[in-house]
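Just start_38.cif here, mmCIF, C-alpha atoms:
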data_structure
loop_
_atom_site.group_PDB
_atom_site.id
_atom_site.type_symbol
_atom_site.label_atom_id
_atom_site.label_comp_id
_atom_site.auth_asym_id
_atom_site.auth_seq_id
_atom_site.Cartn_x
_atom_site.Cartn_y
_atom_site.Cartn_z
ATOM 1 C CA MET A 1382 -52.667 -26.471 -77.084
ATOM 2 C CA LYS A 1383 -52.285 -27.362 -80.768
ATOM 3 C CA THR A 1384 -53.697 -30.549 -82.209
ATOM 4 C CA LYS A 1385 -53.244 -32.531 -85.402
ATOM 5 C CA ILE A 1386 -56.376 -34.662 -85.071
ATOM 6 C CA LYS A 1387 -57.688 -33.251 -88.323
ATOM 7 C CA VAL A 1388 -54.512 -34.341 -90.140
ATOM 8 C CA PHE A 1389 -54.648 -37.856 -88.718
ATOM 9 C CA ARG A 1390 -58.361 -38.044 -89.482
ATOM 10 C CA ALA A 1391 -57.611 -37.169 -93.076
ATOM 11 C CA ILE A 1392 -54.810 -39.782 -93.217
ATOM 12 C CA HIS A 1393 -57.148 -42.465 -91.855
ATOM 13 C CA ASN A 1394 -60.045 -41.075 -93.897
ATOM 14 C CA ILE A 1395 -62.536 -40.898 -91.031
ATOM 15 C CA THR A 1396 -65.066 -38.224 -90.121
ATOM 16 C CA GLN A 1397 -65.482 -36.558 -86.727
ATOM 17 C CA ALA A 1398 -68.630 -38.624 -86.158
ATOM 18 C CA GLU A 1399 -66.818 -41.907 -86.881
ATOM 19 C CA LEU A 1400 -63.891 -40.963 -84.635
ATOM 20 C CA ALA A 1401 -66.290 -39.907 -81.879
ATOM 21 C CA GLU A 1402 -68.164 -43.204 -82.118
ATOM 22 C CA LYS A 1403 -64.931 -45.227 -81.938
ATOM 23 C CA LEU A 1404 -63.758 -43.264 -78.900
ATOM 24 C CA GLY A 1405 -67.171 -43.286 -77.166
ATOM 25 C CA VAL A 1406 -67.535 -39.490 -77.055
ATOM 26 C CA THR A 1407 -69.817 -37.015 -78.776
ATOM 27 C CA ARG A 1408 -68.938 -35.476 -82.140
ATOM 28 C CA GLN A 1409 -69.153 -32.057 -80.511
ATOM 29 C CA THR A 1410 -66.327 -33.069 -78.163
ATOM 30 C CA ILE A 1411 -64.070 -34.069 -81.078
ATOM 31 C CA ASN A 1412 -64.973 -30.776 -82.768
ATOM 32 C CA ALA A 1413 -64.154 -28.817 -79.577
ATOM 33 C CA ILE A 1414 -60.776 -30.606 -79.254
ATOM 34 C CA GLU A 1415 -59.949 -29.930 -82.915
ATOM 35 C CA ALA A 1416 -60.907 -26.263 -82.495
ATOM 36 C CA GLY A 1417 -58.590 -26.037 -79.481
ATOM 37 C CA LYS A 1418 -61.478 -25.151 -77.167
ATOM 38 C CA TYR A 1419 -61.123 -28.226 -74.985
ATOM 39 C CA ALA A 1420 -58.109 -30.172 -73.752
ATOM 40 C CA PRO A 1421 -58.929 -33.888 -73.556
ATOM 41 C CA SER A 1422 -58.102 -36.083 -70.578
ATOM 42 C CA VAL A 1423 -54.955 -38.234 -70.600
ATOM 43 C CA GLU A 1424 -57.153 -41.306 -71.061
ATOM 44 C CA LEU A 1425 -58.860 -39.919 -74.179
ATOM 45 C CA ALA A 1426 -55.547 -38.680 -75.615
ATOM 46 C CA LEU A 1427 -54.014 -42.144 -75.106
ATOM 47 C CA ARG A 1428 -57.009 -43.849 -76.713
ATOM 48 C CA MET A 1429 -56.729 -41.457 -79.638
ATOM 49 C CA SER A 1430 -52.978 -42.121 -80.050
ATOM 50 C CA LYS A 1431 -53.643 -45.871 -79.953
ATOM 51 C CA MET A 1432 -56.301 -45.489 -82.638
ATOM 52 C CA PHE A 1433 -54.075 -43.463 -84.959
ATOM 53 C CA ASN A 1434 -51.079 -45.637 -84.037
ATOM 54 C CA VAL A 1435 -48.902 -42.618 -83.167
ATOM 55 C CA THR A 1436 -47.628 -41.107 -79.904
ATOM 56 C CA VAL A 1437 -49.671 -38.558 -77.936
ATOM 57 C CA ASN A 1438 -46.965 -35.951 -78.647
ATOM 58 C CA GLU A 1439 -47.525 -36.335 -82.353
ATOM 59 C CA ILE A 1440 -51.213 -35.497 -81.973
ATOM 60 C CA PHE A 1441 -51.015 -32.798 -79.303
ATOM 61 C CA GLN A 1442 -48.411 -30.098 -78.831
ATOM 62 C CA LEU A 1443 -48.162 -27.202 -76.409
ATOM 63 C CA ASP A 1444 -48.606 -23.751 -77.984
ATOM 64 C CA ASP A 1445 -44.960 -22.748 -77.392
ATOM 65 C CA GLU A 1446 -43.534 -25.911 -78.991
ATOM 66 C CA MET B 1406 -61.244 -44.945 -65.330
ATOM 67 C CA LYS B 1407 -64.234 -45.215 -62.995
ATOM 68 C CA SER B 1408 -66.525 -42.211 -63.224
ATOM 69 C CA ILE B 1409 -69.034 -40.944 -60.666
ATOM 70 C CA TYR B 1410 -72.491 -42.537 -60.474
ATOM 71 C CA LEU B 1411 -75.130 -40.930 -62.663
ATOM 72 C CA PHE B 1412 -78.795 -41.853 -63.046
ATOM 73 C CA PRO B 1413 -79.807 -43.696 -66.249
ATOM 74 C CA ASN B 1414 -80.700 -41.621 -69.313
ATOM 75 C CA LYS B 1415 -84.222 -43.096 -69.502
ATOM 76 C CA LEU B 1416 -85.126 -41.242 -66.261
ATOM 77 C CA LYS B 1417 -84.421 -37.828 -67.809
ATOM 78 C CA ILE B 1418 -87.781 -37.243 -69.538
ATOM 79 C CA PRO B 1419 -89.959 -38.475 -66.601
ATOM 80 C CA ALA B 1420 -87.804 -36.359 -64.251
ATOM 81 C CA LEU B 1421 -88.286 -33.292 -66.480
ATOM 82 C CA VAL B 1422 -92.076 -33.763 -66.508
ATOM 83 C CA VAL B 1423 -92.255 -34.219 -62.708
ATOM 84 C CA PHE B 1424 -89.854 -31.297 -62.158
ATOM 85 C CA ILE B 1425 -91.943 -28.879 -64.261
ATOM 86 C CA ILE B 1426 -95.252 -30.010 -62.702
ATOM 87 C CA SER B 1427 -93.930 -29.793 -59.134
ATOM 88 C CA PHE B 1428 -92.343 -26.386 -59.850
ATOM 89 C CA ILE B 1429 -95.663 -25.020 -61.173
ATOM 90 C CA LEU B 1430 -97.550 -26.458 -58.173
ATOM 91 C CA ILE B 1431 -95.002 -24.904 -55.770
ATOM 92 C CA LEU B 1432 -95.472 -21.519 -57.494
ATOM 93 C CA LEU B 1433 -99.268 -21.883 -57.286
ATOM 94 C CA GLN B 1434 -99.050 -22.824 -53.617
ATOM 95 C CA ALA B 1435 -96.682 -19.932 -52.857
ATOM 96 C CA THR B 1436 -99.056 -17.456 -54.497
ATOM 97 C CA HIS B 1437 -102.067 -19.073 -52.701
ATOM 98 C CA THR B 1438 -103.681 -19.768 -56.104
ATOM 99 C CA PHE B 1439 -103.998 -23.510 -55.664
ATOM 100 C CA ASP B 1440 -103.591 -25.668 -52.568
ATOM 101 C CA ILE B 1441 -104.638 -29.164 -51.506
ATOM 102 C CA GLU B 1442 -105.136 -30.468 -47.976
ATOM 103 C CA ILE B 1443 -103.716 -33.933 -47.359
ATOM 104 C CA ASN B 1444 -103.998 -34.254 -43.598
ATOM 105 C CA THR B 1445 -102.461 -37.371 -42.171
ATOM 106 C CA LYS B 1446 -100.637 -38.632 -39.091
ATOM 107 C CA VAL B 1447 -96.872 -38.390 -39.419
ATOM 108 C CA PHE B 1448 -93.911 -39.090 -37.188
ATOM 109 C CA ALA B 1449 -92.028 -35.901 -36.343
ATOM 110 C CA ILE B 1450 -88.508 -35.936 -34.927
ATOM 111 C CA ALA B 1451 -89.023 -32.255 -34.166
ATOM 112 C CA ASN B 1452 -92.274 -30.303 -34.316
ATOM 113 C CA ASP B 1453 -91.952 -26.599 -33.581
ATOM 114 C CA TYR B 1454 -94.966 -24.284 -33.265
ATOM 115 C CA ILE B 1455 -92.986 -21.070 -32.664
ATOM 116 C CA LEU B 1456 -93.944 -19.551 -36.023
ATOM 117 C CA GLU B 1457 -97.634 -20.110 -35.240
ATOM 118 C CA GLY B 1458 -97.406 -18.310 -31.918
ATOM 119 C CA GLU B 1459 -97.555 -21.380 -29.699
ATOM 120 C CA ASN B 1460 -94.248 -21.841 -27.959
ATOM 121 C CA LEU B 1461 -94.526 -25.619 -27.732
ATOM 122 C CA ASP B 1462 -91.504 -27.628 -28.709
ATOM 123 C CA LYS B 1463 -92.205 -31.333 -29.159
ATOM 124 C CA TYR B 1464 -89.765 -34.037 -30.120
ATOM 125 C CA SER B 1465 -90.321 -37.578 -31.422
ATOM 126 C CA VAL B 1466 -94.096 -37.354 -31.569
ATOM 127 C CA ILE B 1467 -96.903 -38.432 -33.888
ATOM 128 C CA ILE B 1468 -98.691 -35.346 -35.228
ATOM 129 C CA THR B 1469 -101.430 -34.627 -37.766
ATOM 130 C CA ASP B 1470 -100.140 -32.453 -40.579
ATOM 131 C CA ASN B 1471 -100.953 -31.346 -44.121
ATOM 132 C CA ILE B 1472 -98.249 -33.216 -46.067
ATOM 133 C CA TYR B 1473 -99.046 -31.633 -49.466
ATOM 134 C CA ASN B 1474 -96.068 -29.260 -49.385
ATOM 135 C CA GLU B 1475 -93.745 -32.045 -48.159
ATOM 136 C CA ILE B 1476 -94.777 -34.208 -51.144
ATOM 137 C CA LEU B 1477 -94.249 -31.255 -53.492
ATOM 138 C CA ASP B 1478 -90.799 -30.460 -52.057
ATOM 139 C CA ILE B 1479 -89.646 -34.085 -52.219
ATOM 140 C CA THR B 1480 -90.790 -34.519 -55.829
ATOM 141 C CA PHE B 1481 -89.240 -31.166 -56.784
ATOM 142 C CA PHE B 1482 -85.817 -31.934 -55.264
ATOM 143 C CA LEU B 1483 -85.746 -35.580 -56.333
ATOM 144 C CA SER B 1484 -86.728 -34.828 -59.937
ATOM 145 C CA GLY B 1485 -84.360 -31.837 -60.022
ATOM 146 C CA VAL B 1486 -81.416 -33.935 -58.848
ATOM 147 C CA ILE B 1487 -82.245 -36.762 -61.293
ATOM 148 C CA LEU B 1488 -82.626 -34.232 -64.126
ATOM 149 C CA ALA B 1489 -79.225 -32.669 -63.461
ATOM 150 C CA PHE B 1490 -77.387 -35.899 -62.646
ATOM 151 C CA SER B 1491 -78.713 -38.320 -65.260
ATOM 152 C CA LYS B 1492 -76.583 -39.509 -68.160
ATOM 153 C CA GLU B 1493 -76.811 -37.968 -71.601
ATOM 154 C CA LYS B 1494 -77.279 -40.328 -74.561
ATOM 155 C CA THR B 1495 -73.526 -40.170 -75.107
ATOM 156 C CA GLU B 1496 -71.952 -39.302 -71.802
ATOM 157 C CA ASP B 1497 -68.362 -38.137 -72.122
ATOM 158 C CA GLU B 1498 -65.789 -36.090 -70.227
ATOM 159 C CA MET B 1499 -66.792 -32.791 -71.875
ATOM 160 C CA ILE B 1500 -70.381 -33.204 -70.680
ATOM 161 C CA GLY B 1501 -68.980 -34.111 -67.245
ATOM 162 C CA LEU B 1502 -67.045 -30.842 -67.311
ATOM 163 C CA ILE B 1503 -70.186 -28.895 -68.263
ATOM 164 C CA ARG B 1504 -72.048 -30.533 -65.350
ATOM 165 C CA TYR B 1505 -69.194 -29.706 -62.969
ATOM 166 C CA LYS B 1506 -69.101 -26.078 -64.194
ATOM 167 C CA SER B 1507 -72.877 -25.737 -63.763
ATOM 168 C CA LEU B 1508 -72.627 -27.059 -60.213
ATOM 169 C CA THR B 1509 -69.874 -24.538 -59.474
ATOM 170 C CA TYR B 1510 -71.787 -21.613 -61.033
ATOM 171 C CA SER B 1511 -74.982 -22.602 -59.237
ATOM 172 C CA THR B 1512 -73.178 -22.804 -55.872
ATOM 173 C CA ASP B 1513 -71.377 -19.486 -56.460
ATOM 174 C CA PHE B 1514 -74.539 -17.722 -57.618
ATOM 175 C CA THR B 1515 -76.805 -19.052 -54.851
ATOM 176 C CA PHE B 1516 -74.371 -18.316 -52.046
ATOM 177 C CA SER B 1517 -73.446 -14.874 -53.448
ATOM 178 C CA MET B 1518 -77.135 -13.974 -53.448
ATOM 179 C CA LEU B 1519 -77.532 -15.459 -49.961
ATOM 180 C CA ILE B 1520 -74.591 -13.382 -48.649
ATOM 181 C CA LEU B 1521 -76.137 -10.240 -50.186
ATOM 182 C CA SER B 1522 -79.466 -11.140 -48.567
ATOM 183 C CA GLU B 1523 -77.727 -11.590 -45.207
ATOM 184 C CA ILE B 1524 -76.345 -8.056 -45.521
ATOM 185 C CA PHE B 1525 -79.432 -6.271 -46.876
ATOM 186 C CA ILE B 1526 -82.500 -8.197 -45.651
ATOM 187 C CA TYR B 1527 -83.502 -8.275 -41.981
ATOM 188 C CA GLY B 1528 -86.335 -9.555 -39.818
ATOM 189 C CA ALA B 1529 -89.193 -11.769 -40.967
ATOM 190 C CA SER B 1530 -88.569 -10.834 -44.634
ATOM 191 C CA PHE B 1531 -85.530 -13.093 -44.510
ATOM 192 C CA ILE B 1532 -87.713 -16.248 -44.218
ATOM 193 C CA PRO B 1533 -89.114 -16.112 -47.808
ATOM 194 C CA VAL B 1534 -85.586 -15.306 -49.013
ATOM 195 C CA ILE B 1535 -84.256 -18.499 -47.394
ATOM 196 C CA MET B 1536 -87.164 -20.400 -48.962
ATOM 197 C CA PHE B 1537 -86.284 -18.923 -52.381
ATOM 198 C CA PHE B 1538 -82.673 -20.132 -52.178
ATOM 199 C CA PHE B 1539 -83.888 -23.470 -50.804
ATOM 200 C CA TYR B 1540 -85.579 -24.113 -54.181
ATOM 201 C CA GLY B 1541 -83.305 -21.837 -56.188
ATOM 202 C CA PHE B 1542 -80.154 -23.929 -56.013
ATOM 203 C CA ILE B 1543 -81.590 -26.967 -57.818
ATOM 204 C CA LEU B 1544 -83.418 -24.681 -60.266
ATOM 205 C CA PHE B 1545 -80.270 -22.674 -61.114
ATOM 206 C CA LEU B 1546 -78.249 -25.898 -61.426
ATOM 207 C CA ASN B 1547 -80.604 -27.230 -64.101
ATOM 208 C CA ILE B 1548 -80.873 -23.862 -65.875
ATOM 209 C CA PHE B 1549 -77.076 -23.448 -66.001
ATOM 210 C CA TYR B 1550 -76.489 -27.072 -67.046
ATOM 211 C CA TYR B 1551 -79.019 -27.234 -69.876
ATOM 212 C CA THR B 1552 -78.154 -23.734 -71.139
ATOM 213 C CA LYS B 1553 -74.435 -24.613 -71.292
ATOM 214 C CA LEU B 1554 -75.235 -27.996 -72.862
ATOM 215 C CA PHE B 1555 -77.366 -26.277 -75.510
ATOM 216 C CA ILE B 1556 -74.606 -23.733 -76.265
ATOM 217 C CA TYR B 1557 -71.995 -26.547 -76.444
ATOM 218 C CA LYS B 1558 -74.110 -28.605 -78.848
ATOM 219 C CA LYS B 1559 -74.902 -25.558 -80.976
ATOM 220 C CA GLN B 1560 -71.332 -24.224 -80.989
ATOM 221 C CA PHE B 1561 -69.691 -27.495 -82.035
ATOM 222 C CA SER B 1562 -72.434 -28.902 -84.249
ATOM 223 C CA TYR B 1563 -70.684 -28.440 -87.554
ATOM 224 C CA GLU B 1564 -67.257 -29.650 -88.567
ATOM 225 C CA ASN B 1565 -64.760 -26.775 -88.778
ATOM 226 C CA GLU B 1566 -63.432 -26.310 -92.259
ATOM 227 C CA ASP B 1567 -60.265 -24.227 -92.116
#

Full structure transcribed into C-alpha coordinates:
Amino acid sequence: MKTKIKVFRAIHNITQAELAEKLGVTRQTINAIEAGKYAPSVELALRMSKMFNVTVNEIFQLDDE
Amino acid sequence: MKSIYLFPNKLKIPALVVFIISFILILLQATHTFDIEINTKVFAIANDYILEGENLDKYSVIITDNIYNEILDITFFLSGVILAFSKEKTEDEMIGLIRYKSLTYSTDFTFSMLILSEIFIYGASFIPVIMFFFYGFILFLNIFYYTKLFIYKKQFSYENED
(Lines of atoms letter the chains of each structure in order from A and count residues from 1; the text may use other names and numbers.)
(Lines give C-alpha, C1' and ligand atoms only; values in the text may rest on other atoms or scores of the structure.)
Protein backbone atom coordinates (compact mmCIF):
# COMPACT_ATOMS: atom_id res chain seq x y z
CA MET A 1 0.00 0.00 0.00
CA LYS A 2 1.30 3.45 -0.96
CA THR A 3 0.78 6.47 1.24
CA LYS A 4 1.06 10.22 0.84
CA ILE A 5 1.11 11.08 4.54
CA LYS A 6 4.53 12.64 4.14
CA VAL A 7 3.21 14.95 1.40
CA PHE A 8 0.21 16.03 3.45
CA ARG A 9 2.43 16.49 6.49
CA ALA A 10 4.63 18.79 4.47
CA ILE A 11 1.58 20.72 3.18
CA HIS A 12 0.28 21.18 6.74
CA ASN A 13 3.82 21.71 8.04
CA ILE A 14 3.60 19.20 10.88
CA THR A 15 6.12 16.65 12.13
CA GLN A 16 5.50 12.94 12.69
CA ALA A 17 5.47 13.58 16.45
CA GLU A 18 2.82 16.31 16.14
CA LEU A 19 0.66 14.17 13.85
CA ALA A 20 1.03 11.21 16.20
CA GLU A 21 -0.01 13.32 19.18
CA LYS A 22 -3.08 14.66 17.36
CA LEU A 23 -4.13 11.15 16.34
CA GLY A 24 -3.36 9.59 19.75
CA VAL A 25 -0.78 7.11 18.42
CA THR A 26 2.96 6.75 18.81
CA ARG A 27 5.40 8.47 16.45
CA GLN A 28 6.80 5.05 15.59
CA THR A 29 3.37 4.04 14.27
CA ILE A 30 3.21 7.09 11.97
CA ASN A 31 6.75 6.29 10.82
CA ALA A 32 5.80 2.64 10.15
CA ILE A 33 2.72 3.73 8.14
CA GLU A 34 4.79 6.21 6.12
CA ALA A 35 7.42 3.53 5.45
CA GLY A 36 4.68 1.20 4.21
CA LYS A 37 5.44 -1.35 6.93
CA TYR A 38 2.04 -1.11 8.58
CA ALA A 39 -1.47 -0.65 7.20
CA PRO A 40 -3.56 1.46 9.59
CA SER A 41 -7.08 0.57 10.67
CA VAL A 42 -10.08 2.14 8.92
CA GLU A 43 -10.67 4.27 12.01
CA LEU A 44 -7.14 5.72 12.00
CA ALA A 45 -7.24 6.28 8.22
CA LEU A 46 -10.55 8.15 8.57
CA ARG A 47 -9.21 10.27 11.43
CA MET A 48 -6.16 11.07 9.33
CA SER A 49 -8.29 12.06 6.30
CA LYS A 50 -10.43 14.28 8.54
CA MET A 51 -7.30 15.95 9.90
CA PHE A 52 -5.83 16.64 6.46
CA ASN A 53 -9.30 17.48 5.11
CA VAL A 54 -8.96 15.07 2.17
CA THR A 55 -10.47 11.67 1.33
CA VAL A 56 -8.88 8.41 2.50
CA ASN A 57 -8.19 7.52 -1.15
CA GLU A 58 -6.06 10.60 -1.53
CA ILE A 59 -3.83 9.54 1.36
CA PHE A 60 -3.69 5.79 0.75
CA GLN A 61 -3.55 3.91 -2.53
CA LEU A 62 -3.17 0.23 -3.34
CA ASP A 63 0.18 -0.73 -4.91
CA ASP A 64 -1.39 -1.57 -8.30
CA GLU A 65 -3.27 1.75 -8.58
CA MET B 1 -14.15 1.81 18.70
CA LYS B 2 -14.09 -0.04 22.02
CA SER B 3 -10.84 -1.89 22.60
CA ILE B 4 -10.17 -4.84 24.90
CA TYR B 5 -9.53 -4.23 28.61
CA LEU B 6 -5.90 -3.71 29.55
CA PHE B 7 -4.40 -3.08 32.98
CA PRO B 8 -3.26 0.50 33.76
CA ASN B 9 0.26 1.53 32.76
CA LYS B 10 1.23 2.36 36.37
CA LEU B 11 1.07 -1.38 37.23
CA LYS B 12 3.78 -2.26 34.70
CA ILE B 13 6.87 -1.50 36.83
CA PRO B 14 5.54 -3.17 40.05
CA ALA B 15 4.47 -6.17 37.93
CA LEU B 16 7.96 -6.38 36.38
CA VAL B 17 9.62 -6.32 39.82
CA VAL B 18 7.28 -9.01 41.23
CA PHE B 19 7.63 -11.10 38.05
CA ILE B 20 11.45 -11.11 38.19
CA ILE B 21 11.54 -11.84 41.95
CA SER B 22 8.99 -14.66 41.71
CA PHE B 23 10.78 -16.13 38.66
CA ILE B 24 14.12 -16.17 40.53
CA LEU B 25 12.47 -17.74 43.61
CA ILE B 26 10.81 -20.41 41.42
CA LEU B 27 14.21 -21.21 39.86
CA LEU B 28 15.82 -21.40 43.32
CA GLN B 29 13.03 -23.65 44.57
CA ALA B 30 13.25 -25.89 41.49
CA THR B 31 17.00 -26.32 41.97
CA HIS B 32 16.49 -26.91 45.75
CA THR B 33 18.79 -23.93 46.49
CA PHE B 34 16.29 -21.96 48.53
CA ASP B 35 12.94 -23.00 49.99
CA ILE B 36 10.62 -21.71 52.71
CA GLU B 37 8.05 -23.68 54.69
CA ILE B 38 4.73 -21.90 55.17
CA ASN B 39 2.55 -24.65 56.59
CA THR B 40 -1.06 -23.71 57.04
CA LYS B 41 -4.55 -25.20 56.89
CA VAL B 42 -6.15 -24.84 53.48
CA PHE B 43 -9.38 -25.94 51.87
CA ALA B 44 -8.76 -28.46 49.10
CA ILE B 45 -11.39 -29.31 46.50
CA ALA B 46 -9.18 -32.23 45.54
CA ASN B 47 -6.16 -33.55 47.42
CA ASP B 48 -4.34 -36.42 45.73
CA TYR B 49 -1.47 -38.31 47.37
CA ILE B 50 -0.75 -40.65 44.44
CA LEU B 51 2.62 -39.05 43.66
CA GLU B 52 3.71 -39.55 47.28
CA GLY B 53 2.89 -43.25 47.22
CA GLU B 54 -0.27 -43.07 49.31
CA ASN B 55 -3.25 -43.92 47.17
CA LEU B 56 -5.67 -41.75 49.12
CA ASP B 57 -7.98 -39.54 47.15
CA LYS B 58 -9.76 -36.92 49.25
CA TYR B 59 -12.23 -34.32 48.08
CA SER B 60 -13.50 -31.13 49.75
CA VAL B 61 -11.32 -31.41 52.83
CA ILE B 62 -9.27 -29.12 55.06
CA ILE B 63 -5.60 -30.13 54.86
CA THR B 64 -2.30 -28.78 56.18
CA ASP B 65 0.03 -27.86 53.35
CA ASN B 66 3.16 -25.85 52.57
CA ILE B 67 1.65 -22.99 50.54
CA TYR B 68 5.00 -21.38 49.58
CA ASN B 69 4.95 -22.73 46.02
CA GLU B 70 1.27 -21.79 45.59
CA ILE B 71 2.08 -18.18 46.59
CA LEU B 72 5.04 -18.16 44.20
CA ASP B 73 2.97 -19.55 41.30
CA ILE B 74 0.12 -17.08 41.86
CA THR B 75 2.46 -14.08 42.02
CA PHE B 76 4.37 -15.32 38.96
CA PHE B 77 1.25 -15.80 36.79
CA LEU B 78 -0.54 -12.68 38.03
CA SER B 79 2.48 -10.41 37.54
CA GLY B 80 3.24 -12.06 34.18
CA VAL B 81 -0.29 -11.46 32.91
CA ILE B 82 -0.31 -7.85 34.18
CA LEU B 83 3.11 -7.25 32.61
CA ALA B 84 2.00 -8.51 29.20
CA PHE B 85 -1.50 -7.01 29.28
CA SER B 86 -0.91 -3.55 30.74
CA LYS B 87 -1.14 -0.41 28.64
CA GLU B 88 1.91 1.29 27.20
CA LYS B 89 2.29 5.04 27.81
CA THR B 90 0.77 5.61 24.38
CA GLU B 91 -1.34 2.60 23.58
CA ASP B 92 -2.26 2.37 19.91
CA GLU B 93 -3.32 -0.21 17.34
CA MET B 94 0.25 -1.06 16.29
CA ILE B 95 1.16 -1.97 19.87
CA GLY B 96 -2.08 -3.98 20.03
CA LEU B 97 -0.92 -5.84 16.92
CA ILE B 98 2.49 -6.53 18.49
CA ARG B 99 0.75 -7.90 21.61
CA TYR B 100 -1.53 -10.08 19.47
CA LYS B 101 1.46 -11.38 17.46
CA SER B 102 3.38 -12.18 20.65
CA LEU B 103 0.40 -14.10 22.01
CA THR B 104 0.20 -16.07 18.75
CA TYR B 105 3.95 -16.81 18.67
CA SER B 106 3.95 -17.80 22.34
CA THR B 107 0.99 -20.17 21.82
CA ASP B 108 2.54 -21.67 18.66
CA PHE B 109 5.96 -22.08 20.27
CA THR B 110 4.71 -23.55 23.56
CA PHE B 111 2.36 -26.03 21.93
CA SER B 112 4.89 -27.03 19.25
CA MET B 113 7.38 -27.84 22.00
CA LEU B 114 4.66 -29.65 23.96
CA ILE B 115 3.75 -31.77 20.90
CA LEU B 116 7.44 -32.64 20.42
CA SER B 117 7.66 -33.56 24.11
CA GLU B 118 4.58 -35.78 23.76
CA ILE B 119 6.33 -37.65 20.94
CA PHE B 120 9.84 -37.92 22.42
CA ILE B 121 9.49 -37.87 26.22
CA TYR B 122 7.88 -40.75 28.13
CA GLY B 123 7.30 -41.82 31.72
CA ALA B 124 7.98 -39.74 34.81
CA SER B 125 10.33 -37.43 32.85
CA PHE B 126 7.24 -35.91 31.28
CA ILE B 127 6.16 -34.31 34.61
CA PRO B 128 8.99 -31.70 34.75
CA VAL B 129 8.37 -31.03 31.04
CA ILE B 130 4.71 -30.20 31.76
CA MET B 131 5.86 -27.99 34.64
CA PHE B 132 8.29 -26.19 32.29
CA PHE B 133 5.53 -25.35 29.79
CA PHE B 134 3.22 -24.42 32.67
CA TYR B 135 5.58 -21.51 33.46
CA GLY B 136 7.01 -21.21 29.96
CA PHE B 137 3.94 -19.83 28.24
CA ILE B 138 3.73 -16.63 30.29
CA LEU B 139 7.52 -16.27 30.17
CA PHE B 140 7.68 -16.65 26.37
CA LEU B 141 4.73 -14.26 25.97
CA ASN B 142 6.59 -11.50 27.82
CA ILE B 143 9.90 -12.24 26.08
CA PHE B 144 8.28 -12.15 22.62
CA TYR B 145 6.23 -9.03 23.41
CA TYR B 146 9.02 -6.90 24.86
CA THR B 147 11.55 -8.04 22.24
CA LYS B 148 9.15 -7.13 19.40
CA LEU B 149 8.26 -3.85 21.13
CA PHE B 150 11.96 -3.00 21.46
CA ILE B 151 12.61 -3.82 17.78
CA TYR B 152 9.54 -1.75 16.73
CA LYS B 153 10.65 1.27 18.77
CA LYS B 154 14.23 0.97 17.52
CA GLN B 155 13.26 0.39 13.88
CA PHE B 156 10.89 3.35 13.62
CA SER B 157 12.64 5.77 15.97
CA TYR B 158 13.90 8.17 13.35
CA GLU B 159 11.92 9.94 10.67
CA ASN B 160 12.61 8.48 7.22
CA GLU B 161 14.19 10.99 4.91
CA ASP B 162 13.82 9.79 1.33

Report the closest atom pair, with its distance in Å rounded to one decimal, for each residue of chain B that has an atom no farther than 7 Å from chain A; count only C-alpha atoms, sort by chain and then rising residue number, and write it as a Markdown table.
| residue | atom | partner | partner_atom | distance |
| --- | --- | --- | --- | --- |
| B:Thr1495 | CA | A:Thr1407 | CA | 6.1 |
| B:Glu1496 | CA | A:Val1406 | CA | 6.9 |
| B:Asp1497 | CA | A:Val1406 | CA | 5.2 |
| B:Met1499 | CA | A:Thr1410 | CA | 6.3 |
| B:Lys1558 | CA | A:Gln1409 | CA | 6.3 |
| B:Phe1561 | CA | A:Gln1409 | CA | 4.8 |
| B:Ser1562 | CA | A:Gln1409 | CA | 5.9 |
| B:Glu1564 | CA | A:Asn1412 | CA | 6.3 |

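Coordinates place atom CA of B:Ile1443 at a distance of 15.8 Å from atom CA of B:Ile1467.
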
- Message: To one decimal place in Å, what is the distance between atom CA of B:Val1423 and atom CA of B:Thr1480?
- Response: 7.0 Å

- Task: Evaluate the PyMOL selection byres ((chain B and resi 1532-1546) around 10) on the structure here and hand back the selected residues as an MDAnalysis selection string.
- Result: chainID B and resid 1424 1428 1431 1435 1478 1481:1486 1488:1489 1504:1516 1518:1519 1522:1523 1526:1531 1547:1552

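Taking atom CA of A:His1393 and atom CA of A:Asp1444 as the two end points, the separation is 24.8 Å.
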
- Message: Selection in question (the file shown): the PyMOL selection byres ((chain A and resi 1427) around 12). Which residues does it include, as a ChimeraX atom specification?
- Response: /A:1404,1421-1426,1428-1441

- Task: Kindly provide, as a PyMOL selection string, the polymer residues lying within 10 Å of (-101.9, -34.4, -40.2), counting only C-alpha atoms and using the coordinates exactly as they appear in the file.
- Result: chain B and resi 1442-1448+1467-1472

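Each of B:Leu1411, B:Tyr1473, B:Ala1420, B:Lys1494 was checked against B:Ile1441 using all atoms listed in the file; the smallest atom-to-atom distance is that of B:Tyr1473.
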
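Checking B:Ile1409, B:Ile1500, B:Ile1524, B:Leu1432 one by one against B:Leu1477, counting only C-alpha atoms, you find the shortest gap at B:Leu1432.
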